[in-house]
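S.K.: Pasting a structure here, questions to come.
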Amino acid sequence: MINDPLTVITLIPILVSLALLILPKLSPSAEGLARASRAISMGVSLGMLAITTMIFFGEIGNVDWSNYNSGYYLTNDSIALIPSIGVHWKVGADALSFPMIWLTTLLIPISMLVEWDAKKGHLFHPLILMMEGALIGVFVSLDMFVFYAFWELTLVPMFFLIMIWGGEDRKYASMKFFIYTFTASVIMLIGILVMYLYTPDVASSGSVTGHSFDMSVMISSTEFIPSEGLRHLVWLLLLIGFATKMPSVPVHTWLPDAHVQAPTAGSMLLAGVMLKMGAYGFLRIAVAAFPESTVVFIPLLIFLGMASLFYGAWVCMGQTNLKRMVAYSSVSHMGLIFLGIATMQPLGIAGALFMMFAHGIISPLLFAVAGAFKHHYHTLEIGSMRGIAHHSPWLSAHMMLGWMASLGLPLLAGFVAEVTILIAFWMSFGWLVLLPTLTLIITAVYYLTSMQKTIFESNDPHHGILPDTLHGEEPRDITWHENAGMIILGALTILFGILPFIFWDMMSEWSSGFLLETLVQAMQSEGVKP
Amino acid sequence: MTSLGQLPLDSDTASSLLPETMMLAGLIAIVLIPNLGDAKFRIPLTSVRVPVLLGGSRFDLTNDPRMPNRISNITFLLAFLSSLVLISESPREVGGVLMADGFSRVFSTMFLAALLLVSVATTYRIPAKTNAQIPDDSDSEAAIDRKISVLIDNRRQVDFYILLIMVGLGMSMMTMATNLFMMIVCIELASLSTYVLVAFHKESPAGGEAGAKYFIVGSVASAIGIYGMSLLYLWSGSLDLDVLKESWQAMDGVDPFAAFGIGMMLVAFGFKVSAAPFHLAAPDAYSGAASPISGLLATASKAMGFVALFRVLVIITVPEGAEALWMVALGIFSVVTMTWGNLAALTSENPKRMLAYSSVAHAGYMLAAIAVVGSGISSTEESVVILTAVTFHLAVLVLFKLGAFLVISHLETEGKGHSIEHLHGLGNRDPMIAGSMFLFVLSLAGVPPLSGFLSKLLMINGIVSTSASTGSSDTSGIATWAESVDPLFWLATAIVLNSALSLFYYLRIGLVMFFEEPASSKPLKAAPSLRMAIFACAILTLLCGVGPVSEWLLDLVNGAIDSFMHQ
């Protein structure tokens, strides 16, 4: 177990964070631990980043990503957790999960860095560390029970992050966040249980119930579910669970509230990784297990995708709150992921994967900017202040880079994802591609107008218009640690825009394999042109 | 066939009845020890005074109001441990009416664990004088000691623990009974003691009312059950379970005597497990009694009813490969019970009533599982899995249902706990207790990876794997499949839907604990023994859901049920 790096990067953060949270309470002699917890958390998270990066450079060339079924690497022998109902500790990573794991380990130290001087840091940083373990656990576990346990575990630190360090309405927001996502995951759990109850008999392995929670067994045995109607039903139950997490219209309403109230680091992780859990689970479980249902429900996916894309963008145009605008732009971009999957093209699915990654570095940058804006200008109103380029040149530079990347400027990471999804959409649905394309214009409209309002547009060339909330003080530019975090994210946005093939090759190989193994057959049987 | 009078008492028998013997010894000790004093008897015509110990002014040690509690704790601990050890012993028949085997020992261990927790948790619980003050943190050491000794009246303490040990004795003998008469006598021994325990707060109107209601309804139910038993006796001429089983199998058609007899016994047991529509006294009794006693009713007393159901329904009346007479009725009752329980719990403002109704709902889930055993389409192996699930559920229920009641009992130490408002802001006042409570309600709701999920999953799995193969594999749509599948499948659906419904009121407890502002921000009382019991429940709730402890417990239960079904 120790020499398996994936287990290490899952469990170490959780164990360390629990130790940091509990030990100081138990004995007064551990006071020093509480003072050092910020540094320890940062050290551990950097260690995790080093491990995943080493895996990345060490093994990436040796893996055949296109072999979908055995494309997992680093899987080891499973360890029985609850053999009586067939629960095992089994971890692995493939091209779908690996970029997400790396993204998680990358964003955790950056979000800690951005909120380096958070209040109650001895609790704040360990909670973020716990978040890291839970998120990685979701992406690496190949056992549905363990997956679900980690899926629920991610709620706990995020709930406390919003509840303790959030804005004025934090109580309402954290409660809404918890109730929404918890209800959705219980609905998803019903779907998972139906799948579980129809797995073939594996009583010989010591399971009292005769069933197994092994993800590959569950996914490959959905043919035993007796009727097509029931399969569609299970698929829809899973969709509700994953779409709420993503979130997609009409179950997105928790997101803007949670984002606006959450502390900066919480928003960064929420937008950067937690939303991707929905897309990840949808591809990993719902699409892989029920390819036929997915094919049947393509129109539903397109509808949900278009609705999210358009509604998110439309609402953004009317937003005056910076964080709320960025939150709705996330809803909008998540819609593109559904569209990419709905194309049933290798290119589209790879585009969706790249969207997950690109949005995972751009949206944390946007939230870091919004957080810094709130921190230094004490407001999030877009119109209340003009010409901040005079006062905070670094902040304005990051803001501009982030918004440009988010609206899909070529040579930045967001563009790669958007353009591949649109091409795949055109290949599948022809001129229907005009709908998402024209919607993307709205994205450009709201970003450019708010850019003009905030960064530039001031009558006095040497002074911007300062908001009332500053009470006449001169604003300062962002602190060094905020700046450092944003520079890393900005650099990665440019890097992956110019050199997308670092992850693109592996994603597109995986997508072709995935499509070939699961979807082509389903499309033929449903009479859809592959 | 020996009669009741000839109880052979050799050393082997004594060792297989060790827990009961210990409780008997504890009962004698708890009567004698607190009465020991310095009384002396002067031998007539001499000046020699012989100490007789009984009477006079009591010694400091025996005068200690905490003494009965200590004796009871030790008794239950020893009985629990010996019962646990005896699970793996080979079956032994005692006197023709008792059978000490793995099955009975699993249940008696479960009951004794519940009683041990109750006994430990009630250390500071029983204000005998209505004006007794509860010790405050601002008091000095001496003041605290003085208040505690007022709080705990020695003699009422003794009464309480005598009754508690009687409950234990009745329950653990009941698990072994292989004769209906013996079973009813043991159930009555336990029940009569619980009636008094429910009414133990006779000073408060709620306590008296609860006791009276529970006693009246309970004795009517028992009377009906005994009447049913007499009909069975008329019909077969014996009350031995084996004889009854043979007569039932040899029966041609359905004899009205037998059918009515069984039906009436179901009423009595239905009251014990608080199944609708015999559950109406339960919420009143639970809310009027002290919380640990309510917890005892919701766990051990309910499990006792299920043992009786196992013995009477599953052993006597399940025909090989055919539908049992009571299957449809039990299936319908189970759905009514769980739905009624959950709907009523949704609207409860009193956390004890809410837990009482949730206990009704849980009875419904387990009855649904038992209904499947009687359906005739489950093989013996499938029946074993289902009954294992029910037994496991009863066992872990002791942890999280009783644990939840103990948390309420902690609130009762400051005179609160009868309104959901008293839970407000518990998360601020005492994060550990509130966290434990949250764990308990999540486990009650069946959220993975807690033990409540494991047991519920096992039950649903048992029902589905029995019934799912009956559905048509026609791919034309869900409607055709839904029509063709065995109705039992819908019992599983009812459980799932009800669990989803129950989440609302369980999560509400969590929400008010962490979000609402407390009326006072004073931390809860220290009450170390009560805290210890709560934390033990919380830790075990987690451990019995995942990992080696859950495996061990499940193996234990599975082995016991396996031998029970194949005897």
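The way I read the labels, and the way they are meant: chains A, B, ... in the order of the structure tokens, residue 1 as the first residue of every chain, and ligand 1 as the first ligand shown, with later ones counted on from there.
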Name all residues at most 9 Å from A:Leu20 (count only C-alpha atoms; drop same-chain ones fewer than 3 positions away) and give them as a list in words.

M.R.: Leu15, Val16, Ser17, Leu23, Pro24, Leu33, Ala34, Ser37, Ile40, Ser41, His122, Leu123 and Pro126 of chain A

S.K.: Pull all heavy atoms from the residues just selected and write them as a compact mmCIF listing (two decimals), in the first residue's frame.

M.R.:
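The resulting out19.txt:
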# COMPACT_ATOMS: atom_id res chain seq x y z
N LEU A 15 -5.04 12.29 6.50
CA LEU A 15 -4.51 11.95 7.82
C LEU A 15 -3.81 13.14 8.45
O LEU A 15 -4.02 13.45 9.62
CB LEU A 15 -3.55 10.76 7.71
CG LEU A 15 -4.21 9.45 7.27
CD1 LEU A 15 -3.18 8.35 7.13
CD2 LEU A 15 -5.27 9.04 8.27
N VAL A 16 -2.98 13.84 7.63
CA VAL A 16 -2.26 14.98 8.18
C VAL A 16 -3.25 16.05 8.65
O VAL A 16 -3.11 16.62 9.74
CB VAL A 16 -1.28 15.56 7.15
CG1 VAL A 16 -0.70 16.87 7.64
CG2 VAL A 16 -0.16 14.57 6.88
N SER A 17 -4.28 16.29 7.84
CA SER A 17 -5.21 17.36 8.21
C SER A 17 -5.97 16.97 9.47
O SER A 17 -6.20 17.80 10.35
CB SER A 17 -6.18 17.65 7.08
OG SER A 17 -7.12 16.63 6.97
N LEU A 23 -5.17 17.07 17.07
CA LEU A 23 -4.12 16.99 18.10
C LEU A 23 -4.06 18.22 18.99
O LEU A 23 -3.99 18.08 20.22
CB LEU A 23 -2.76 16.72 17.46
CG LEU A 23 -2.52 15.27 17.04
CD1 LEU A 23 -1.11 15.10 16.49
CD2 LEU A 23 -2.74 14.33 18.21
N PRO A 24 -4.09 19.44 18.42
CA PRO A 24 -4.00 20.61 19.32
C PRO A 24 -5.15 20.68 20.31
O PRO A 24 -5.02 21.27 21.37
CB PRO A 24 -4.03 21.79 18.36
CG PRO A 24 -3.58 21.25 17.07
CD PRO A 24 -4.09 19.86 17.03
N LEU A 33 2.06 22.76 17.21
CA LEU A 33 1.55 22.14 15.98
C LEU A 33 0.55 23.08 15.30
O LEU A 33 0.53 23.22 14.09
CB LEU A 33 0.89 20.82 16.34
CG LEU A 33 0.80 19.76 15.24
CD1 LEU A 33 2.20 19.42 14.76
CD2 LEU A 33 0.11 18.53 15.76
N ALA A 34 -0.31 23.69 16.14
CA ALA A 34 -1.32 24.59 15.58
C ALA A 34 -0.65 25.77 14.88
O ALA A 34 -1.09 26.20 13.82
CB ALA A 34 -2.25 25.08 16.69
N SER A 37 0.76 24.69 11.62
CA SER A 37 -0.09 23.91 10.72
C SER A 37 -0.16 24.51 9.32
O SER A 37 -0.29 23.79 8.35
CB SER A 37 -1.48 23.79 11.32
OG SER A 37 -2.14 25.02 11.26
N ILE A 40 2.96 23.30 7.65
CA ILE A 40 2.90 21.85 7.41
C ILE A 40 1.95 21.55 6.26
O ILE A 40 2.26 20.76 5.37
CB ILE A 40 2.44 21.12 8.69
CG1 ILE A 40 3.49 21.29 9.80
CG2 ILE A 40 2.21 19.65 8.42
CD1 ILE A 40 3.07 20.69 11.12
N SER A 41 0.77 22.21 6.27
CA SER A 41 -0.20 21.96 5.20
C SER A 41 0.41 22.29 3.85
O SER A 41 0.29 21.52 2.89
CB SER A 41 -1.45 22.82 5.40
OG SER A 41 -1.96 22.63 6.67
N HIS A 122 -4.87 28.11 11.41
CA HIS A 122 -4.59 26.76 11.89
C HIS A 122 -5.73 25.81 11.59
O HIS A 122 -5.58 24.60 11.69
CB HIS A 122 -4.30 26.79 13.39
CG HIS A 122 -5.46 27.25 14.22
ND1 HIS A 122 -5.89 28.56 14.21
CD2 HIS A 122 -6.28 26.57 15.05
CE1 HIS A 122 -6.94 28.67 15.03
NE2 HIS A 122 -7.19 27.49 15.54
N LEU A 123 -6.92 26.35 11.25
CA LEU A 123 -8.02 25.48 10.81
C LEU A 123 -8.19 25.54 9.31
O LEU A 123 -8.51 24.54 8.67
CB LEU A 123 -9.34 25.93 11.46
CG LEU A 123 -9.41 25.86 12.97
CD1 LEU A 123 -10.73 26.43 13.44
CD2 LEU A 123 -9.28 24.43 13.42
N PRO A 126 -5.48 23.27 7.16
CA PRO A 126 -5.77 21.83 7.24
C PRO A 126 -7.06 21.43 6.55
O PRO A 126 -7.14 20.36 5.93
CB PRO A 126 -5.86 21.57 8.75
CG PRO A 126 -5.02 22.60 9.35
CD PRO A 126 -5.15 23.81 8.49

S.K.: Taking only C-alpha atoms into account, report as a PyMOL selection string which residues of chain A lie within 10 Å of chain B.

M.R.: chain A and resi 80-85+87+145-146+148-150+152+163+171-172+174-175+179+183+186-187+189-190+193-194+196-198+208-211+224-233

S.K.: Calculated over only C-alpha atoms, which of the candidates B:Gly435, B:Leu231, B:Ile561, B:Phe271 has the smallest distance to B:Gly102?

M.R.: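 Ranked by minimum distance to B:Gly102, first place goes to B:Ile561.
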
S.K.: Could you pull out the strand (DSSP E) residues of stretch 68-211 of chain B, going by DSSP on the backbone, and write them as a PyMOL selection string?

M.R.: chain B and resi 92-94+98-100

S.K.: Just the residues within 7 Å of B:Ile71, please, counting only C-alpha atoms, with nothing from its chain fewer than 3 positions along; format it as JSON, numbers by chain.

M.R.: {"B": [26, 30, 67, 68, 74, 75]}

S.K.: How many Å lie between atom CA of B:Ala143 and atom CA of B:Pro65, rounded to one decimal?

M.R.: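 Pair atom CA of B:Ala143 / atom CA of B:Pro65 returns 15.5 Å.
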
S.K.: Report as a PyMOL selection string all protein, DNA and RNA residues lying within 7 Å of A:Ile361, evaluated on only C-alpha atoms, omitting residues in the same chain fewer than 2 positions from it.

M.R.: chain A and resi 272+357-359+363-365+489+493

S.K.: Would you mind telling me which residue in A:Leu401, A:Phe425, A:Leu515, A:Trp254 lies nearest to A:Ala491 when using only C-alpha atoms?

M.R.: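 When distances to A:Ala491 are compared using only C-alpha atoms, the smallest one comes from A:Leu401.
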
S.K.: Just to confirm, what's the straight-line distance from atom CA of A:Tyr377 to atom CA of A:Ser332 in Å (one decimal)?

M.R.: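 Straight-line distance from atom CA of A:Tyr377 to atom CA of A:Ser332 works out to 27.1 Å.
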
S.K.: Using only C-alpha atoms, determine which residues lie at most 12 Å from B:Pro431, disregarding the query and same-chain residues fewer than 6 positions distant; provide the list as a PyMOL selection string.

M.R.: (chain A and resi 25) or (chain B and resi 425+437-439+510+513-514+523-524)

S.K.: Please produce a file of the residues just selected, as an mmCIF file, in the first residue's frame, where the atoms kept are N, CA, C and O atoms.

M.R.:
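Below you can see out_35.cif, which holds the result:
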data_model
loop_
_atom_site.group_PDB
_atom_site.id
_atom_site.type_symbol
_atom_site.label_atom_id
_atom_site.label_comp_id
_atom_site.auth_asym_id
_atom_site.auth_seq_id
_atom_site.Cartn_x
_atom_site.Cartn_y
_atom_site.Cartn_z
ATOM 1 N N LYS A 25 -6.300 20.084 19.966
ATOM 2 C CA LYS A 25 -7.428 20.105 20.895
ATOM 3 C C LYS A 25 -7.200 19.146 22.039
ATOM 4 O O LYS A 25 -7.681 19.346 23.144
ATOM 5 N N GLY B 425 -28.297 25.130 18.102
ATOM 6 C CA GLY B 425 -26.958 25.608 18.433
ATOM 7 C C GLY B 425 -26.142 24.655 19.267
ATOM 8 O O GLY B 425 -25.156 25.063 19.872
ATOM 9 N N MET B 437 -24.241 13.280 17.634
ATOM 10 C CA MET B 437 -25.670 13.245 17.303
ATOM 11 C C MET B 437 -25.863 13.247 15.794
ATOM 12 O O MET B 437 -26.693 12.516 15.259
ATOM 13 N N PHE B 438 -25.050 14.055 15.116
ATOM 14 C CA PHE B 438 -25.158 14.124 13.658
ATOM 15 C C PHE B 438 -24.814 12.765 13.048
ATOM 16 O O PHE B 438 -25.480 12.292 12.123
ATOM 17 N N LEU B 439 -23.786 12.140 13.612
ATOM 18 C CA LEU B 439 -23.411 10.802 13.150
ATOM 19 C C LEU B 439 -24.572 9.825 13.345
ATOM 20 O O LEU B 439 -24.884 9.021 12.456
ATOM 21 N N GLY B 510 -29.644 17.869 12.192
ATOM 22 C CA GLY B 510 -28.303 18.379 11.942
ATOM 23 C C GLY B 510 -28.323 19.873 11.680
ATOM 24 O O GLY B 510 -27.496 20.625 12.207
ATOM 25 N N MET B 513 -28.888 21.935 14.788
ATOM 26 C CA MET B 513 -27.760 21.870 15.718
ATOM 27 C C MET B 513 -26.635 22.806 15.292
ATOM 28 O O MET B 513 -25.962 23.393 16.119
ATOM 29 N N PHE B 514 -26.432 22.921 13.975
ATOM 30 C CA PHE B 514 -25.270 23.686 13.527
ATOM 31 C C PHE B 514 -25.613 25.099 13.067
ATOM 32 O O PHE B 514 -24.729 25.927 12.944
ATOM 33 N N PRO B 523 -21.914 25.749 28.001
ATOM 34 C CA PRO B 523 -21.609 24.390 27.566
ATOM 35 C C PRO B 523 -22.430 23.375 28.352
ATOM 36 O O PRO B 523 -22.921 23.665 29.439
ATOM 37 N N LEU B 524 -22.574 22.181 27.767
ATOM 38 C CA LEU B 524 -23.361 21.141 28.438
ATOM 39 C C LEU B 524 -22.649 20.664 29.696
ATOM 40 O O LEU B 524 -21.469 20.910 29.896
#

S.K.: Let me make sure I understand: among A:Thr439, A:Leu411, A:Met451, A:Phe456, which one has the smallest atom-to-atom distance to A:Phe496 if we use only C-alpha atoms?

M.R.: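 Checking each candidate against A:Phe496, we get A:Leu411 as the closest.
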
S.K.: Once DSSP has gone over the backbone, tell me which residues of stretch 16-263 of chain A are in alpha helix (DSSP H), as a PyMOL selection string.

M.R.: chain A and resi 16-26+31-59+98-114+121-140+144-153+155-165+170-197+215-220+228-245+254-261
